[in-house]
$ cat input.cif   # mmCIF, C-alpha atoms
data_run
#
loop_
_atom_site.label_atom_id
_atom_site.label_comp_id
_atom_site.auth_asym_id
_atom_site.auth_seq_id
_atom_site.Cartn_x
_atom_site.Cartn_y
_atom_site.Cartn_z
CA MET A 1 -23.36 66.90 68.32
CA PRO A 2 -23.66 65.57 64.77
CA LEU A 3 -24.27 68.08 62.00
CA ILE A 4 -27.56 67.87 60.12
CA HIS A 5 -27.21 67.83 56.33
CA SER A 6 -29.83 69.11 53.90
CA THR A 7 -30.52 65.51 52.88
CA ASP A 8 -31.26 64.35 56.46
CA PRO A 9 -34.90 63.74 57.41
CA ASP A 10 -34.65 66.17 60.35
CA PHE A 11 -33.23 69.01 58.26
CA ARG A 12 -35.83 71.73 58.13
CA VAL A 13 -36.13 75.44 57.50
CA CYS A 14 -39.05 77.25 59.10
CA GLN A 15 -40.25 80.81 59.13
CA ILE A 16 -41.47 81.62 62.63
CA SER A 17 -42.96 84.64 64.33
CA PHE A 18 -41.15 86.79 66.87
CA ASP A 19 -43.58 85.50 69.51
CA THR A 20 -42.65 81.90 68.67
CA LEU A 21 -38.97 82.81 69.04
CA LEU A 22 -39.76 84.28 72.47
CA THR A 23 -41.51 81.03 73.44
CA ILE A 24 -38.53 78.99 72.26
CA GLN A 25 -36.25 81.26 74.31
CA LEU A 26 -38.39 80.77 77.43
CA GLU A 27 -38.38 76.98 76.93
CA ALA A 28 -34.58 77.03 76.59
CA GLU A 29 -34.30 79.09 79.80
CA GLU A 30 -36.61 76.67 81.67
CA ARG A 31 -34.54 73.70 80.54
CA GLY A 32 -31.28 75.42 81.42
CA TRP A 33 -29.92 75.06 77.90
CA ALA A 34 -26.83 77.19 77.32
CA THR A 35 -27.41 77.82 73.63
CA ARG A 36 -29.91 80.68 73.81
CA TRP A 37 -29.98 84.39 74.57
CA SER A 38 -29.12 85.25 78.18
CA SER A 39 -32.69 86.48 78.69
CA VAL A 40 -35.87 87.51 76.90
CA ASP A 41 -34.79 91.13 77.35
CA ALA A 42 -31.45 90.40 75.66
CA LEU A 43 -33.29 88.78 72.76
CA ARG A 44 -35.62 91.79 72.47
CA ASN A 45 -32.58 94.12 72.44
CA GLN A 46 -30.99 92.25 69.53
CA VAL A 47 -33.85 90.90 67.39
CA ARG A 48 -36.34 93.13 65.57
CA GLU A 49 -39.95 92.07 65.94
CA GLY A 50 -41.18 90.29 62.85
CA ALA A 51 -40.65 86.96 61.15
CA VAL A 52 -37.37 85.11 61.59
CA VAL A 53 -36.06 82.06 59.74
CA LEU A 54 -34.82 79.01 61.60
CA GLN A 55 -32.75 76.06 60.28
CA SER A 56 -31.89 72.84 62.09
CA LEU A 57 -28.11 72.58 62.32
CA MET A 58 -27.13 69.85 64.81
CA ARG A 59 -28.78 67.19 66.93
CA GLU A 60 -27.87 66.29 70.50
CA GLU A 61 -28.43 62.61 71.13
CA ARG A 62 -28.56 60.82 74.47
CA GLY A 63 -29.28 57.15 74.86
CA GLY A 64 -30.12 56.79 71.18
CA ALA A 65 -32.77 59.54 71.26
CA VAL A 66 -32.56 63.18 70.17
CA ARG A 67 -32.56 65.36 73.29
CA ALA A 68 -32.37 68.74 71.52
CA TYR A 69 -31.80 70.38 68.17
CA ARG A 70 -29.36 73.25 67.79
CA CYS A 71 -30.76 75.62 65.22
CA LEU A 72 -29.58 78.70 63.39
CA VAL A 73 -31.83 81.74 63.64
CA LEU A 74 -31.60 84.37 60.88
CA PHE A 75 -33.19 87.69 61.88
CA SER A 76 -33.27 91.44 61.37
CA THR A 77 -31.37 93.21 64.12
CA ALA A 78 -33.24 95.52 66.48
CA ASP A 79 -31.14 98.55 65.59
CA ASP A 80 -32.15 100.82 62.73
CA ARG A 81 -29.22 99.95 60.43
CA GLY A 82 -31.24 97.43 58.42
CA VAL A 83 -28.77 94.59 58.91
CA GLY A 84 -29.36 90.95 59.67
CA GLY A 85 -27.97 88.73 62.37
CA ILE A 86 -27.53 85.01 62.85
CA ALA A 87 -27.38 83.14 66.15
CA THR A 88 -27.99 79.65 67.53
CA ILE A 89 -30.66 78.39 69.89
CA ASP A 90 -31.56 74.93 71.16
CA LEU A 91 -35.05 73.52 70.63
CA ASP A 92 -36.98 70.60 72.00
CA PRO A 93 -37.54 67.96 69.27
CA ALA A 94 -41.33 68.21 69.64
CA ARG A 95 -41.16 72.00 69.19
CA LEU A 96 -39.07 71.70 66.02
CA GLU A 97 -41.46 69.08 64.66
CA SER A 98 -44.42 71.39 65.30
CA LEU A 99 -43.02 74.28 63.23
CA GLU A 100 -44.27 74.79 59.68
CA ARG A 101 -41.61 73.99 57.10
CA ILE A 102 -40.78 76.16 54.11
CA ASP A 103 -38.22 73.73 52.63
CA ARG A 104 -40.32 70.86 51.27
CA ASP A 105 -39.15 71.29 47.67
CA PRO A 106 -35.61 69.84 47.19
CA ASP A 107 -34.42 72.81 45.12
CA VAL A 108 -35.70 75.26 47.73
CA ARG A 109 -34.07 73.19 50.49
CA ARG A 110 -30.68 73.38 48.74
CA ALA A 111 -31.04 77.13 48.14
CA LEU A 112 -31.98 77.83 51.76
CA ALA A 113 -29.13 75.64 53.04
CA ARG A 114 -26.74 77.69 50.85
CA ILE A 115 -28.14 80.98 52.19
CA PHE A 116 -27.60 79.85 55.77
CA SER A 117 -24.10 78.64 54.90
CA LEU A 118 -23.21 82.05 53.46
CA ALA A 119 -24.79 83.85 56.43
CA THR A 120 -22.76 81.89 58.97
CA GLY A 121 -19.58 82.75 57.07
CA GLY A 122 -20.48 86.42 56.91
CA ILE A 123 -22.00 88.41 54.09
CA THR A 124 -20.56 91.70 52.89
CA MET A 125 -22.07 94.20 50.49
CA VAL A 126 -19.73 94.29 47.51
CA SER A 127 -19.40 97.16 45.02
CA LYS A 128 -19.30 95.93 41.46
CA GLU A 129 -16.17 96.76 39.47
#

$ encode --input "input.cif" --output "structure tokens"
Amino acid sequence: MPLIHSTDPDFRVCQISFDTLLTIQLEAEERGWATRWSSVDALRNQVREGAVVLQSLMREERGGAVRAYRCLVLFSTADDRGVGGIATIDLDPARLESLERIDRDPDVRRALARIFSLATGGITMVSKE
């Protein structure tokens, strides 16, 4: 699966609702895609209801066409600790295309790509010296 760079035409960052994430999860289950939560209940146990942010990360190509996009999902965890989580989920290309983008400005796109890069590496609260 080739990585998608912030300069690629199919790079996108979208803010989606919890209900849209549930729909994406159900579509992934129906298609038998492995990159998803094990169930809707598992998703509900880990992800707090509310908006989540999704970024295209990789594309799966078959026969010269994109079969699926692997995306990062940045969310608030369902526990009461106030922490965030990041996970991956596969999306149908038409679904990704239908989501409203929040990264149309090049400077915003670069900033959001950097935020996702830091989140995948792990973010720690640091006390200033």

$ resolve_selection --input "input.cif" --expression "the PyMOL selection byres ((chain A and resi 10-18) around 8)" --output "MDAnalysis selection string"
chainID A and resid 4:9 19:22 49:57 99:103 109 112

$ closest_residue --input "input.cif" --among "A:Asn45, A:Ala94, A:Val83, A:Val108" --to "Val66 in chain A" --atoms "only C-alpha atoms"
A:Ala94

$ atom_distance --input "input.cif" --atom1 "CA of Val126 in chain A" --atom2 "CA of Gly85 in chain A"
17.9 Å

$ closest_atom_pairs --input "input.cif" --of "range 58-128 of chain A" --to "range 27-39 of chain A" --cutoff "7 Å" --atoms "only C-alpha atoms" --output "Markdown table"
| residue | atom | partner | partner_atom | distance |
| --- | --- | --- | --- | --- |
| A:Thr88 | CA | A:Thr35 | CA | 6.4 |
| A:Ile89 | CA | A:Arg36 | CA | 4.6 |
| A:Asp90 | CA | A:Thr35 | CA | 5.6 |
| A:Leu91 | CA | A:Ala28 | CA | 6.9 |

$ closest_residue --input "input.cif" --among "A:Arg44, A:Thr23, A:Leu72, A:Gly63" --to "Leu3 in chain A" --atoms "only C-alpha atoms"
A:Leu72

$ closest_residue --input "input.cif" --among "A:Met125, A:Ala111, A:Ile24, A:Leu43" --to "Cys71 in chain A" --atoms "all atoms listed in the file"
A:Ile24

$ atom_distance --input "input.cif" --atom1 "CA of Leu26 in chain A" --atom2 "CA of Ala87 in chain A"
15.9 Å

$ residues_around --input "input.cif" --residues "Ala78 in chain A" --least-positions-apart "5" --cutoff "6 Å" --atoms "all atoms listed in the file" --output "MDAnalysis selection string"
chainID A and resid 46:48

$ axis_aligned_box --input "input.cif" --around "range 74-89 of chain A" --padding-each-side "8 Å" --output "lines of an AutoDock Vina configuration file"
center_x = -30.3
center_y = 89.6
center_z = 64.2
size_x = 21.9
size_y = 38.4
size_z = 27.5

$ closest_residue --input "input.cif" --among "A:Asp92, A:Glu129, A:Asp107, A:Glu97" --to "Glu60 in chain A" --atoms "all atoms listed in the file"
A:Asp92

$ atom_distance --input "input.cif" --atom1 "CA of Ser98 in chain A" --atom2 "CA of Arg114 in chain A"
23.7 Å
